[in-house]
$ cat coords18.pdb   # PDB, C-alpha atoms and all ligand atoms
ATOM      1  CA  MET A   1       7.431 -18.045  14.942
ATOM      2  CA  GLY A   2       5.698 -14.721  15.280
ATOM      3  CA  GLU A   3       2.406 -12.967  15.598
ATOM      4  CA  LEU A   4      -0.295 -11.812  13.230
ATOM      5  CA  ILE A   5      -3.460  -9.771  13.578
ATOM      6  CA  ALA A   6      -6.841 -11.498  13.190
ATOM      7  CA  VAL A   7     -10.195  -9.778  13.666
ATOM      8  CA  GLU A   8     -10.383 -11.148  17.235
ATOM      9  CA  GLY A   9      -6.969  -9.665  18.025
ATOM     10  CA  PRO A  10      -3.284 -10.622  17.901
ATOM     11  CA  LEU A  11      -2.665 -14.322  17.295
ATOM     12  CA  PRO A  12       0.550 -16.398  17.512
ATOM     13  CA  THR A  13       1.266 -17.635  13.978
ATOM     14  CA  GLU A  14       1.415 -21.265  15.119
ATOM     15  CA  ARG A  15      -2.310 -21.038  15.878
ATOM     16  CA  LEU A  16      -3.188 -20.074  12.302
ATOM     17  CA  GLY A  17      -3.453 -23.681  11.066
ATOM     18  CA  THR A  18      -4.953 -24.574   7.698
ATOM     19  CA  THR A  19      -5.561 -21.266   5.992
ATOM     20  CA  LEU A  20      -7.449 -20.060   2.954
ATOM     21  CA  MET A  21      -5.352 -17.077   1.836
ATOM     22  CA  HIS A  22      -7.800 -15.270  -0.436
ATOM     23  CA  GLU A  23     -11.562 -15.439  -0.015
ATOM     24  CA  HIS A  24     -14.457 -12.975   0.128
ATOM     25  CA  VAL A  25     -17.320 -13.087   2.595
ATOM     26  CA  MET A  26     -18.990 -10.127   0.913
ATOM     27  CA  VAL A  27     -18.294  -7.743  -1.962
ATOM     28  CA  ASP A  28     -20.122  -4.580  -2.981
ATOM     29  CA  PHE A  29     -19.363  -3.533  -6.536
ATOM     30  CA  GLY A  30     -22.158  -0.957  -6.343
ATOM     31  CA  ALA A  31     -22.354   2.286  -8.316
ATOM     32  CA  GLU A  32     -21.461   4.261  -5.194
ATOM     33  CA  LEU A  33     -18.704   3.555  -2.697
ATOM     34  CA  ALA A  34     -19.602   0.716  -0.369
ATOM     35  CA  HIS A  35     -21.062   1.786   2.974
ATOM     36  CA  PRO A  36     -22.617  -0.392   5.756
ATOM     37  CA  GLN A  37     -26.045   1.173   5.128
ATOM     38  CA  ARG A  38     -26.074  -0.625   1.771
ATOM     39  CA  TRP A  39     -26.319  -4.127   3.344
ATOM     40  CA  ASP A  40     -28.148  -5.932   6.131
ATOM     41  CA  ARG A  41     -25.474  -7.419   8.379
ATOM     42  CA  ASP A  42     -27.884  -9.990   9.855
ATOM     43  CA  GLU A  43     -28.894 -11.215   6.421
ATOM     44  CA  VAL A  44     -25.283 -11.499   5.244
ATOM     45  CA  THR A  45     -24.451 -13.436   8.422
ATOM     46  CA  GLN A  46     -27.372 -15.801   7.848
ATOM     47  CA  VAL A  47     -26.385 -16.432   4.215
ATOM     48  CA  MET A  48     -22.635 -16.815   4.745
ATOM     49  CA  LEU A  49     -22.549 -18.687   8.063
ATOM     50  CA  PRO A  50     -23.348 -22.143   6.587
ATOM     51  CA  HIS A  51     -20.572 -21.692   3.985
ATOM     52  CA  LEU A  52     -18.047 -20.902   6.687
ATOM     53  CA  GLN A  53     -19.282 -23.751   8.896
ATOM     54  CA  GLU A  54     -18.761 -26.060   5.936
ATOM     55  CA  ILE A  55     -15.047 -25.199   5.661
ATOM     56  CA  VAL A  56     -14.633 -25.530   9.429
ATOM     57  CA  ARG A  57     -16.003 -29.073   9.077
ATOM     58  CA  GLN A  58     -13.380 -29.681   6.382
ATOM     59  CA  GLY A  59     -10.647 -28.715   8.828
ATOM     60  CA  VAL A  60      -9.986 -25.112   7.807
ATOM     61  CA  ASN A  61      -8.860 -22.967  10.760
ATOM     62  CA  SER A  62      -8.318 -19.533   9.218
ATOM     63  CA  LEU A  63      -9.563 -17.380   6.374
ATOM     64  CA  VAL A  64      -7.994 -14.271   4.878
ATOM     65  CA  GLU A  65     -10.809 -11.936   3.816
ATOM     66  CA  CYS A  66      -9.594  -9.871   0.887
ATOM     67  CA  THR A  67     -12.434  -7.405   0.341
ATOM     68  CA  PRO A  68     -10.827  -3.956   0.545
ATOM     69  CA  ALA A  69     -12.133  -0.719   2.029
ATOM     70  CA  PHE A  70     -14.926   0.923  -0.006
ATOM     71  CA  LEU A  71     -15.721  -2.420  -1.655
ATOM     72  CA  GLY A  72     -17.606  -4.034   1.210
ATOM     73  CA  ARG A  73     -15.018  -4.523   3.945
ATOM     74  CA  ASP A  74     -17.070  -4.799   7.155
ATOM     75  CA  PRO A  75     -15.012  -5.434  10.304
ATOM     76  CA  LEU A  76     -18.061  -5.980  12.535
ATOM     77  CA  LEU A  77     -19.544  -8.554  10.173
ATOM     78  CA  LEU A  78     -16.242 -10.441  10.077
ATOM     79  CA  GLU A  79     -15.838 -10.247  13.851
ATOM     80  CA  GLU A  80     -19.317 -11.734  14.324
ATOM     81  CA  LEU A  81     -18.692 -14.542  11.803
ATOM     82  CA  SER A  82     -15.379 -15.319  13.475
ATOM     83  CA  ARG A  83     -17.125 -15.536  16.850
ATOM     84  CA  LEU A  84     -19.895 -17.788  15.487
ATOM     85  CA  THR A  85     -17.600 -20.200  13.618
ATOM     86  CA  GLY A  86     -14.341 -20.185  15.589
ATOM     87  CA  LEU A  87     -12.498 -19.340  12.371
ATOM     88  CA  HIS A  88      -9.616 -16.910  12.593
ATOM     89  CA  ILE A  89     -10.541 -14.263  10.023
ATOM     90  CA  ILE A  90      -7.978 -11.727   8.853
ATOM     91  CA  THR A  91      -9.058  -8.412   7.326
ATOM     92  CA  ASN A  92      -7.097  -5.599   5.721
ATOM     93  CA  THR A  93      -6.293  -1.946   5.335
ATOM     94  CA  GLY A  94      -5.465  -0.255   2.029
ATOM     95  CA  LEU A  95      -7.340   0.774  -1.114
ATOM     96  CA  TYR A  96      -8.531  -0.882  -4.320
ATOM     97  CA  LYS A  97      -8.445   0.823  -7.730
ATOM     98  CA  GLU A  98     -10.531   3.109  -9.916
ATOM     99  CA  PRO A  99     -13.521   3.435 -10.025
ATOM    100  CA  TYR A 100     -13.735   2.180  -6.416
ATOM    101  CA  LEU A 101     -11.617   4.900  -4.844
ATOM    102  CA  PRO A 102     -12.928   7.723  -2.667
ATOM    103  CA  ARG A 103     -12.344  11.143  -4.241
ATOM    104  CA  TRP A 104      -9.954  12.243  -1.481
ATOM    105  CA  ALA A 105      -7.543   9.473  -2.434
ATOM    106  CA  ILE A 106      -6.925  10.732  -5.967
ATOM    107  CA  PRO A 107      -4.679  13.737  -5.192
ATOM    108  CA  ALA A 108      -3.257  12.263  -1.959
ATOM    109  CA  GLU A 109       0.459  11.738  -1.334
ATOM    110  CA  PRO A 110       1.684   8.222  -0.382
ATOM    111  CA  LYS A 111       2.489   9.518   3.091
ATOM    112  CA  GLN A 112      -1.088  10.711   3.672
ATOM    113  CA  LEU A 113      -2.600   7.359   2.681
ATOM    114  CA  ALA A 114      -0.051   5.479   4.761
ATOM    115  CA  GLU A 115      -0.892   7.613   7.807
ATOM    116  CA  ARG A 116      -4.560   6.557   7.556
ATOM    117  CA  TRP A 117      -3.642   2.876   7.149
ATOM    118  CA  VAL A 118      -1.124   2.911   9.995
ATOM    119  CA  ARG A 119      -3.788   4.541  12.180
ATOM    120  CA  GLU A 120      -6.176   1.673  11.351
ATOM    121  CA  PHE A 121      -3.430  -0.772  12.333
ATOM    122  CA  HIS A 122      -3.003   0.850  15.743
ATOM    123  CA  GLU A 123      -6.538   2.000  16.538
ATOM    124  CA  GLY A 124      -8.891  -0.263  14.570
ATOM    125  CA  ILE A 125     -11.030   0.130  11.457
ATOM    126  CA  ASP A 126     -13.922   2.612  11.264
ATOM    127  CA  GLY A 127     -14.194   3.147  15.005
ATOM    128  CA  SER A 128     -14.209  -0.603  15.763
ATOM    129  CA  GLN A 129     -11.630  -2.572  17.776
ATOM    130  CA  VAL A 130     -10.900  -4.700  14.696
ATOM    131  CA  ARG A 131      -7.381  -4.256  13.350
ATOM    132  CA  PRO A 132      -6.107  -5.154   9.881
ATOM    133  CA  GLY A 133      -3.764  -8.125   9.424
ATOM    134  CA  PHE A 134      -2.446  -7.130   5.995
ATOM    135  CA  VAL A 135      -2.443  -4.331   3.430
ATOM    136  CA  LYS A 136      -4.658  -5.003   0.410
ATOM    137  CA  ILE A 137      -4.148  -2.971  -2.731
ATOM    138  CA  ALA A 138      -4.883  -3.379  -6.433
ATOM    139  CA  LEU A 139      -2.864  -2.756  -9.571
ATOM    140  CA  ASN A 140      -4.361  -1.679 -12.888
ATOM    141  CA  PRO A 141      -3.089  -3.800 -15.782
ATOM    142  CA  GLY A 142      -0.196  -2.418 -17.871
ATOM    143  CA  GLY A 143       1.731   0.669 -16.795
ATOM    144  CA  LEU A 144       0.536   1.843 -13.376
ATOM    145  CA  LEU A 145      -1.787   4.860 -13.262
ATOM    146  CA  PRO A 146      -0.524   7.735 -11.071
ATOM    147  CA  VAL A 147      -3.020   6.994  -8.292
ATOM    148  CA  GLN A 148      -2.076   3.302  -8.274
ATOM    149  CA  ARG A 149       1.592   4.243  -8.033
ATOM    150  CA  THR A 150       0.676   6.357  -5.011
ATOM    151  CA  ILE A 151      -1.210   3.420  -3.493
ATOM    152  CA  VAL A 152       1.697   1.008  -4.047
ATOM    153  CA  ARG A 153       4.129   3.428  -2.425
ATOM    154  CA  ALA A 154       1.709   4.016   0.459
ATOM    155  CA  ALA A 155       1.511   0.251   0.952
ATOM    156  CA  ALA A 156       5.308   0.053   1.202
ATOM    157  CA  LEU A 157       5.376   2.903   3.759
ATOM    158  CA  THR A 158       2.652   1.155   5.759
ATOM    159  CA  HIS A 159       4.595  -2.095   5.677
ATOM    160  CA  ARG A 160       7.682  -0.324   6.951
ATOM    161  CA  ALA A 161       5.742   1.293   9.802
ATOM    162  CA  THR A 162       3.734  -1.780  10.844
ATOM    163  CA  GLY A 163       5.374  -4.963   9.501
ATOM    164  CA  LEU A 164       2.130  -5.900   7.706
ATOM    165  CA  VAL A 165       2.492  -7.941   4.532
ATOM    166  CA  VAL A 166       1.135  -6.327   1.337
ATOM    167  CA  MET A 167      -1.184  -8.223  -0.986
ATOM    168  CA  ALA A 168      -1.805  -6.794  -4.444
ATOM    169  CA  HIS A 169      -4.656  -7.722  -6.746
ATOM    170  CA  ALA A 170      -2.358  -8.207  -9.736
ATOM    171  CA  GLY A 171      -2.265 -11.101 -12.174
ATOM    172  CA  GLU A 172      -0.398  -9.258 -14.902
ATOM    173  CA  LEU A 173       3.348  -9.071 -15.318
ATOM    174  CA  GLU A 174       4.038  -5.464 -16.338
ATOM    175  CA  ALA A 175       2.135  -3.854 -13.433
ATOM    176  CA  THR A 176       3.627  -6.333 -10.977
ATOM    177  CA  ARG A 177       7.175  -5.648 -12.141
ATOM    178  CA  GLU A 178       6.655  -1.918 -11.748
ATOM    179  CA  SER A 179       5.165  -2.410  -8.263
ATOM    180  CA  LEU A 180       8.165  -4.438  -7.151
ATOM    181  CA  ASP A 181      10.441  -1.641  -8.423
ATOM    182  CA  LEU A 182       8.409   0.916  -6.463
ATOM    183  CA  ILE A 183       8.370  -0.977  -3.177
ATOM    184  CA  GLU A 184      12.087  -1.708  -3.423
ATOM    185  CA  ALA A 185      12.719   2.006  -3.960
ATOM    186  CA  GLU A 186      10.776   2.590  -0.695
ATOM    187  CA  GLY A 187      13.017   0.123   1.130
ATOM    188  CA  MET A 188      10.542  -2.767   1.271
ATOM    189  CA  SER A 189      11.538  -6.336   0.446
ATOM    190  CA  PRO A 190       9.606  -8.184  -2.317
ATOM    191  CA  GLY A 191       9.521 -11.041   0.201
ATOM    192  CA  ARG A 192       6.750  -9.109   1.972
ATOM    193  CA  PHE A 193       4.685  -8.661  -1.212
ATOM    194  CA  ILE A 194       2.010 -11.143  -2.294
ATOM    195  CA  VAL A 195       1.072 -11.210  -5.977
ATOM    196  CA  ALA A 196      -2.605 -12.221  -5.806
ATOM    197  CA  HIS A 197      -4.248 -13.809  -8.856
ATOM    198  CA  ALA A 198      -0.825 -14.884 -10.120
ATOM    199  CA  ASP A 199      -2.508 -17.800 -11.888
ATOM    200  CA  GLN A 200      -4.068 -15.193 -14.199
ATOM    201  CA  MET A 201      -0.631 -14.409 -15.628
ATOM    202  CA  ALA A 202      -0.507 -15.883 -19.141
ATOM    203  CA  ALA A 203      -3.833 -17.539 -18.252
ATOM    204  CA  ASP A 204      -4.516 -18.416 -21.878
ATOM    205  CA  ILE A 205      -1.377 -20.584 -22.040
ATOM    206  CA  GLY A 206      -1.848 -24.133 -20.766
ATOM    207  CA  PRO A 207       0.629 -26.966 -20.160
ATOM    208  CA  GLN A 208      -0.045 -28.399 -23.654
ATOM    209  CA  ASP A 209       0.776 -25.125 -25.467
ATOM    210  CA  PRO A 210       4.157 -24.530 -27.113
ATOM    211  CA  ALA A 211       4.448 -21.229 -25.198
ATOM    212  CA  TRP A 212       4.079 -22.982 -21.792
ATOM    213  CA  SER A 213       7.783 -22.625 -20.998
ATOM    214  CA  GLN A 214       7.586 -18.848 -21.624
ATOM    215  CA  ALA A 215       4.574 -18.654 -19.312
ATOM    216  CA  LEU A 216       6.587 -20.456 -16.647
ATOM    217  CA  GLU A 217       9.442 -17.971 -17.147
ATOM    218  CA  MET A 218       7.084 -15.094 -16.333
ATOM    219  CA  HIS A 219       6.087 -16.759 -13.073
ATOM    220  CA  GLU A 220       9.660 -17.576 -12.167
ATOM    221  CA  GLU A 221      10.800 -14.005 -12.862
ATOM    222  CA  LEU A 222       8.666 -12.751  -9.941
ATOM    223  CA  LEU A 223       9.674 -15.613  -7.660
ATOM    224  CA  LYS A 224      13.334 -14.924  -8.427
ATOM    225  CA  ARG A 225      12.807 -11.383  -7.180
ATOM    226  CA  GLY A 226      11.534 -12.865  -3.931
ATOM    227  CA  ALA A 227       7.791 -12.135  -4.161
ATOM    228  CA  TRP A 228       5.046 -14.505  -3.021
ATOM    229  CA  LEU A 229       2.922 -15.879  -5.865
ATOM    230  CA  GLU A 230      -0.660 -16.643  -4.929
ATOM    231  CA  TYR A 231      -2.556 -19.080  -7.135
ATOM    232  CA  ASP A 232      -5.975 -18.191  -5.836
ATOM    233  CA  GLY A 233      -8.481 -18.837  -8.621
ATOM    234  CA  LEU A 234      -9.219 -22.358  -7.444
ATOM    235  CA  GLY A 235     -12.862 -21.731  -6.591
ATOM    236  CA  TYR A 236     -13.871 -22.030 -10.236
ATOM    237  CA  GLY A 237     -12.632 -23.244 -13.612
ATOM    238  CA  ASP A 238      -9.898 -25.688 -14.526
ATOM    239  CA  LEU A 239      -7.736 -27.146 -11.761
ATOM    240  CA  GLU A 240      -5.108 -28.957 -13.827
ATOM    241  CA  ARG A 241      -3.310 -25.818 -15.070
ATOM    242  CA  PRO A 242      -2.825 -24.340 -11.576
ATOM    243  CA  ALA A 243      -1.801 -27.771 -10.299
ATOM    244  CA  GLN A 244       0.832 -27.987 -13.047
ATOM    245  CA  LEU A 245       1.998 -24.423 -12.393
ATOM    246  CA  LEU A 246       2.464 -25.178  -8.711
ATOM    247  CA  ALA A 247       4.221 -28.472  -9.352
ATOM    248  CA  GLU A 248       6.573 -26.752 -11.799
ATOM    249  CA  MET A 249       7.439 -23.839  -9.470
ATOM    250  CA  ILE A 250       7.967 -26.219  -6.549
ATOM    251  CA  ASP A 251      10.224 -28.307  -8.750
ATOM    252  CA  ARG A 252      12.285 -25.166  -9.401
ATOM    253  CA  GLY A 253      12.749 -24.640  -5.664
ATOM    254  CA  TYR A 254      10.106 -22.038  -4.781
ATOM    255  CA  GLU A 255       7.945 -24.085  -2.418
ATOM    256  CA  ARG A 256       8.275 -21.469   0.350
ATOM    257  CA  GLN A 257       7.016 -18.580  -1.829
ATOM    258  CA  LEU A 258       3.715 -20.061  -2.993
ATOM    259  CA  LEU A 259       0.192 -19.610  -1.655
ATOM    260  CA  ILE A 260      -3.115 -21.123  -2.780
ATOM    261  CA  SER A 261      -6.755 -20.126  -2.391
ATOM    262  CA  GLN A 262     -10.130 -19.959  -4.127
ATOM    263  CA  ASP A 263     -11.354 -16.346  -4.400
ATOM    264  CA  ALA A 264     -14.728 -17.837  -3.449
ATOM    265  CA  GLY A 265     -17.714 -16.809  -1.318
ATOM    266  CA  TRP A 266     -18.973 -13.446  -2.553
ATOM    267  CA  TYR A 267     -22.254 -12.366  -1.013
ATOM    268  CA  HIS A 268     -23.049  -9.724  -3.657
ATOM    269  CA  VAL A 269     -24.528  -6.600  -2.075
ATOM    270  CA  GLY A 270     -27.525  -5.413  -4.090
ATOM    271  CA  GLU A 271     -28.578  -8.874  -5.300
ATOM    272  CA  PRO A 272     -31.480 -10.761  -3.645
ATOM    273  CA  SER A 273     -30.034 -12.801  -0.735
ATOM    274  CA  GLY A 274     -26.561 -11.943  -2.009
ATOM    275  CA  GLY A 275     -27.006 -13.723  -5.360
ATOM    276  CA  THR A 276     -25.026 -16.859  -6.112
ATOM    277  CA  ILE A 277     -22.464 -17.743  -3.428
ATOM    278  CA  THR A 278     -19.432 -19.741  -4.594
ATOM    279  CA  PRO A 279     -18.742 -22.564  -2.103
ATOM    280  CA  MET A 280     -15.375 -22.430  -0.345
ATOM    281  CA  THR A 281     -14.924 -26.196  -0.199
ATOM    282  CA  ARG A 282     -13.306 -26.906  -3.560
ATOM    283  CA  LEU A 283      -9.699 -26.432  -2.519
ATOM    284  CA  LEU A 284      -9.736 -29.258   0.011
ATOM    285  CA  ASP A 285     -12.270 -31.459  -1.819
ATOM    286  CA  ASP A 286     -10.933 -31.245  -5.367
ATOM    287  CA  PHE A 287      -7.657 -29.333  -5.645
ATOM    288  CA  LEU A 288      -5.619 -31.278  -3.117
ATOM    289  CA  PRO A 289      -6.353 -34.551  -4.954
ATOM    290  CA  ALA A 290      -5.233 -32.806  -8.190
ATOM    291  CA  LEU A 291      -1.973 -31.802  -6.471
ATOM    292  CA  ARG A 292      -1.418 -35.343  -5.254
ATOM    293  CA  ARG A 293      -1.958 -36.550  -8.839
ATOM    294  CA  ALA A 294       0.663 -33.993  -9.911
ATOM    295  CA  GLY A 295       3.054 -35.758  -7.532
ATOM    296  CA  LEU A 296       3.133 -33.370  -4.536
ATOM    297  CA  GLY A 297       3.638 -34.923  -1.106
ATOM    298  CA  ALA A 298       2.208 -34.229   2.343
ATOM    299  CA  ASP A 299       5.090 -31.912   3.347
ATOM    300  CA  THR A 300       4.460 -29.691   0.363
ATOM    301  CA  LEU A 301       0.726 -29.564   1.010
ATOM    302  CA  GLY A 302       1.463 -28.599   4.613
ATOM    303  CA  ALA A 303       3.723 -25.798   3.417
ATOM    304  CA  LEU A 304       1.075 -24.459   1.049
ATOM    305  CA  LEU A 305      -1.811 -24.587   3.514
ATOM    306  CA  ILE A 306      -0.198 -23.963   6.912
ATOM    307  CA  ASP A 307       3.458 -22.863   7.008
ATOM    308  CA  ASN A 308       3.481 -20.429   4.089
ATOM    309  CA  PRO A 309       0.352 -18.537   5.184
ATOM    310  CA  ALA A 310       1.900 -18.234   8.674
ATOM    311  CA  SER A 311       5.188 -16.869   7.287
ATOM    312  CA  ALA A 312       3.428 -14.493   4.916
ATOM    313  CA  LEU A 313       1.070 -13.048   7.556
ATOM    314  CA  ALA A 314       3.579 -12.833  10.418
ATOM    315  CA  ILE A 315       4.189  -9.233  11.417
ATOM    316  CA  GLY A 316       7.685  -8.200  10.525
TER
HETATM  317 ZN    ZN A 401     -10.309 -11.534  -4.580
END
$ encode --input "coords18.pdb" --output "structure tokens"
Amino acid sequence: MGELIAVEGPLPTERLGTTLMHEHVMVDFGAELAHPQRWDRDEVTQVMLPHLQEIVRQGVNSLVECTPAFLGRDPLLLEELSRLTGLHIITNTGLYKEPYLPRWAIPAEPKQLAERWVREFHEGIDGSQVRPGFVKIALNPGGLLPVQRTIVRAAALTHRATGLVVMAHAGELEATRESLDLIEAEGMSPGRFIVAHADQMAADIGPQDPAWSQALEMHEELLKRGAWLEYDGLGYGDLERPAQLLAEMIDRGYERQLLISQDAGWYHVGEPSGGTITPMTRLLDDFLPALRRAGLGADTLGALLIDNPASALAIG
């Protein structure tokens, strides 16, 4: 196999183990751009530690932390939580979307953004030793805004310079299609692009609806192009629809392009004690039984939780 970058440093992919691909220790959707002076690292540690210890008890080995820069990404917080729990935590470089972008990003060229992100990959984030293990970006729904086009292209350039996989907050077909066109034009393979929140695509269409087969077509269109689909909304809401989606895509032969996670956690900066934290235990406690009911076997579950995260995060 290969190697990936966790907050504690480079890690052989075979040590990744059972992995939650999309969670959030902390998010700051404040009125101003997130900055470490806006939170108390000790308090966040105290609040989030028991939640992380809980998933370690369940058998989780690794957690991909998807909070982007300027939205509460804190490499030192993640490094400390990794040390205290033994979890491999993977953080990111990249940028989110309006209105959570620093002003300097708006007129920037893809090359300028990529230079910053590649520098973080080599030198660490914000003066720390912590290096990013993936590129996290976001797409606006519908046709991409100019700045989001720049960010997508910058992500492709960063991938080409570093081998980091790109994860896009997406969940909508039109923007995702356009992003795949853009990265291909930059010479990047869709096989290194993760469509996060893919379960949000045609979210209003369930397995009982007459339009279900069209919804499945939308999902398959992206898989056919080679992208990873991440069904990551498992921390809340209905579990049967995502279980059916997964079963259907696996049935069509895409087992090695699918990822699952919960989008849970969320210490909210600015709320007393971080507000309501969503437990990160639902995937193993409740979703795996739903998958078994949908007829998926142990090999498939191993692919979804262990092998696929390792392939997706491997540098290259
Ligand atoms: Zn998320």
$ resolve_selection --input "coords18.pdb" --expression "the PyMOL selection byres (((chain A and resi 202-208) around 12) and not hetatm)" --output "PyMOL selection string"
chain A and resi 171-174+197-201+209-219+231+233+237-248
$ closest_residue --input "coords18.pdb" --among "A:Pro68, A:Pro141, A:Gly191, A:Gly295" --to "Ala156 of chain A" --atoms "all atoms listed in the file"
A:Gly191
$ residues_near_ligand --input "coords18.pdb" --ligand "ligand ZN 401 (chain A)" --cutoff "9 Å" --atoms "only C-alpha atoms and all ligand atoms" --output "ChimeraX atom specification"
/A:22-24,65-67,169,196-197,232-233,262-264
$ closest_residue --input "coords18.pdb" --among "A:Val135, A:Leu87, A:Leu71, A:Val56" --to "Arg15 of chain A" --atoms "all atoms listed in the file"
A:Leu87
$ residues_around --input "coords18.pdb" --residues "Ser179 of chain A" --least-positions-apart "3" --cutoff "9 Å" --atoms "only C-alpha atoms" --output "NGL selection string"
:A and (139 or 144 or 149 or 152-153 or 174-176 or 182-184)
$ resolve_selection --input "coords18.pdb" --expression "the PyMOL selection byres (((chain A and resi 137) around 9) and not hetatm)" --output "ChimeraX atom specification"
/A:68,93-97,135-136,138-139,148,151-152,155,166-170
$ resolve_selection --input "coords18.pdb" --expression "the PyMOL selection byres (((chain A and resi 270) around 9) and not hetatm)" --output "VMD selection string"
chain A and resid 28 to 30 38 to 39 268 to 269 271 to 275
$ atom_distance --input "coords18.pdb" --atom1 "atom CA of Leu52 of chain A" --atom2 "atom CA of Ile90 of chain A"
13.8 Å
$ atom_distance --input "coords18.pdb" --atom1 "atom CA of Thr158 of chain A" --atom2 "atom CA of Gly265 of chain A"
28.1 Å
$ residues_around --input "coords18.pdb" --residues "Gly59 of chain A" --least-positions-apart "2" --cutoff "10 Å" --atoms "only C-alpha atoms" --output "list in words"
Gly17, Thr18, Thr19, Gln53, Glu54, Ile55, Val56, Arg57, Asn61, Ser62 and Leu284 of chain A
$ closest_residue --input "coords18.pdb" --among "A:Gln58, A:Pro50, A:Leu78, A:Tyr100" --to "His35 of chain A" --atoms "only C-alpha atoms"
A:Tyr100
$ atom_distance --input "coords18.pdb" --atom1 "atom CA of Ala294 of chain A" --atom2 "atom CA of Gln257 of chain A"
18.5 Å
$ closest_residue --input "coords18.pdb" --among "A:Ile125, A:Leu164, A:Val25, A:Leu296" --to "Ile5 of chain A" --atoms "only C-alpha atoms"
A:Leu164
$ residues_near_point --input "coords18.pdb" --point "(-4.5, -8.0, 8.1)" --cutoff "6 Å" --atoms "all atoms listed in the file" --output "NGL selection string"
:A and (5 or 90-92 or 132-134)
$ residues_around --input "coords18.pdb" --residues "segment 101-113 of chain A" --least-positions-apart "3" --cutoff "6 Å" --atoms "all atoms listed in the file" --output "ChimeraX atom specification"
/A:97-98,116,147,150,153-154
$ closest_residue --input "coords18.pdb" --among "A:Glu8, A:Asp286, A:Glu115, A:Glu120" --to "Leu157 of chain A" --atoms "only C-alpha atoms"
A:Glu115
$ decode --input "coords18.pdb" --residues "segment 13-27 of chain A" --atoms "N, CA and C atoms" --output "PDB file, in the first residue's frame"
ATOM      1  N   THR A  13      -0.478   3.374   5.072  1.00  0.00           N
ATOM      2  CA  THR A  13      -1.941   3.264   4.968  1.00  0.00           C
ATOM      3  C   THR A  13      -2.483   2.025   5.670  1.00  0.00           C
ATOM      4  N   GLU A  14      -1.669   0.965   5.798  1.00  0.00           N
ATOM      5  CA  GLU A  14      -2.208  -0.232   6.454  1.00  0.00           C
ATOM      6  C   GLU A  14      -2.421  -0.009   7.956  1.00  0.00           C
ATOM      7  N   ARG A  15      -1.918   1.095   8.484  1.00  0.00           N
ATOM      8  CA  ARG A  15      -2.169   1.380   9.904  1.00  0.00           C
ATOM      9  C   ARG A  15      -3.407   2.246  10.128  1.00  0.00           C
ATOM     10  N   LEU A  16      -4.075   2.628   9.045  1.00  0.00           N
ATOM     11  CA  LEU A  16      -5.239   3.508   9.170  1.00  0.00           C
ATOM     12  C   LEU A  16      -6.385   2.814   9.903  1.00  0.00           C
ATOM     13  N   GLY A  17      -6.684   1.577   9.552  1.00  0.00           N
ATOM     14  CA  GLY A  17      -7.739   0.819  10.232  1.00  0.00           C
ATOM     15  C   GLY A  17      -9.130   1.367   9.961  1.00  0.00           C
ATOM     16  N   THR A  18     -10.036   1.102  10.884  1.00  0.00           N
ATOM     17  CA  THR A  18     -11.424   1.557  10.748  1.00  0.00           C
ATOM     18  C   THR A  18     -11.475   3.075  10.825  1.00  0.00           C
ATOM     19  N   THR A  19     -12.020   3.671   9.768  1.00  0.00           N
ATOM     20  CA  THR A  19     -11.879   5.117   9.589  1.00  0.00           C
ATOM     21  C   THR A  19     -13.213   5.804   9.372  1.00  0.00           C
ATOM     22  N   LEU A  20     -13.425   6.873  10.098  1.00  0.00           N
ATOM     23  CA  LEU A  20     -14.570   7.753   9.838  1.00  0.00           C
ATOM     24  C   LEU A  20     -14.086   8.846   8.895  1.00  0.00           C
ATOM     25  N   MET A  21     -14.629   8.888   7.683  1.00  0.00           N
ATOM     26  CA  MET A  21     -14.076   9.713   6.604  1.00  0.00           C
ATOM     27  C   MET A  21     -14.474  11.187   6.653  1.00  0.00           C
ATOM     28  N   HIS A  22     -15.509  11.515   7.431  1.00  0.00           N
ATOM     29  CA  HIS A  22     -15.960  12.915   7.393  1.00  0.00           C
ATOM     30  C   HIS A  22     -16.637  13.295   8.702  1.00  0.00           C
ATOM     31  N   GLU A  23     -15.837  13.833   9.617  1.00  0.00           N
ATOM     32  CA  GLU A  23     -16.382  14.286  10.899  1.00  0.00           C
ATOM     33  C   GLU A  23     -15.819  15.670  11.201  1.00  0.00           C
ATOM     34  N   HIS A  24     -16.385  16.298  12.245  1.00  0.00           N
ATOM     35  CA  HIS A  24     -15.916  17.630  12.651  1.00  0.00           C
ATOM     36  C   HIS A  24     -15.731  17.673  14.161  1.00  0.00           C
ATOM     37  N   VAL A  25     -14.501  17.918  14.600  1.00  0.00           N
ATOM     38  CA  VAL A  25     -14.279  18.139  16.021  1.00  0.00           C
ATOM     39  C   VAL A  25     -14.872  19.499  16.402  1.00  0.00           C
ATOM     40  N   MET A  26     -14.621  20.483  15.584  1.00  0.00           N
ATOM     41  CA  MET A  26     -15.050  21.851  15.924  1.00  0.00           C
ATOM     42  C   MET A  26     -15.332  22.613  14.641  1.00  0.00           C
ATOM     43  N   VAL A  27     -16.352  23.479  14.688  1.00  0.00           N
ATOM     44  CA  VAL A  27     -16.650  24.348  13.550  1.00  0.00           C
ATOM     45  C   VAL A  27     -16.979  25.737  14.073  1.00  0.00           C
TER      46      VAL A  27
END
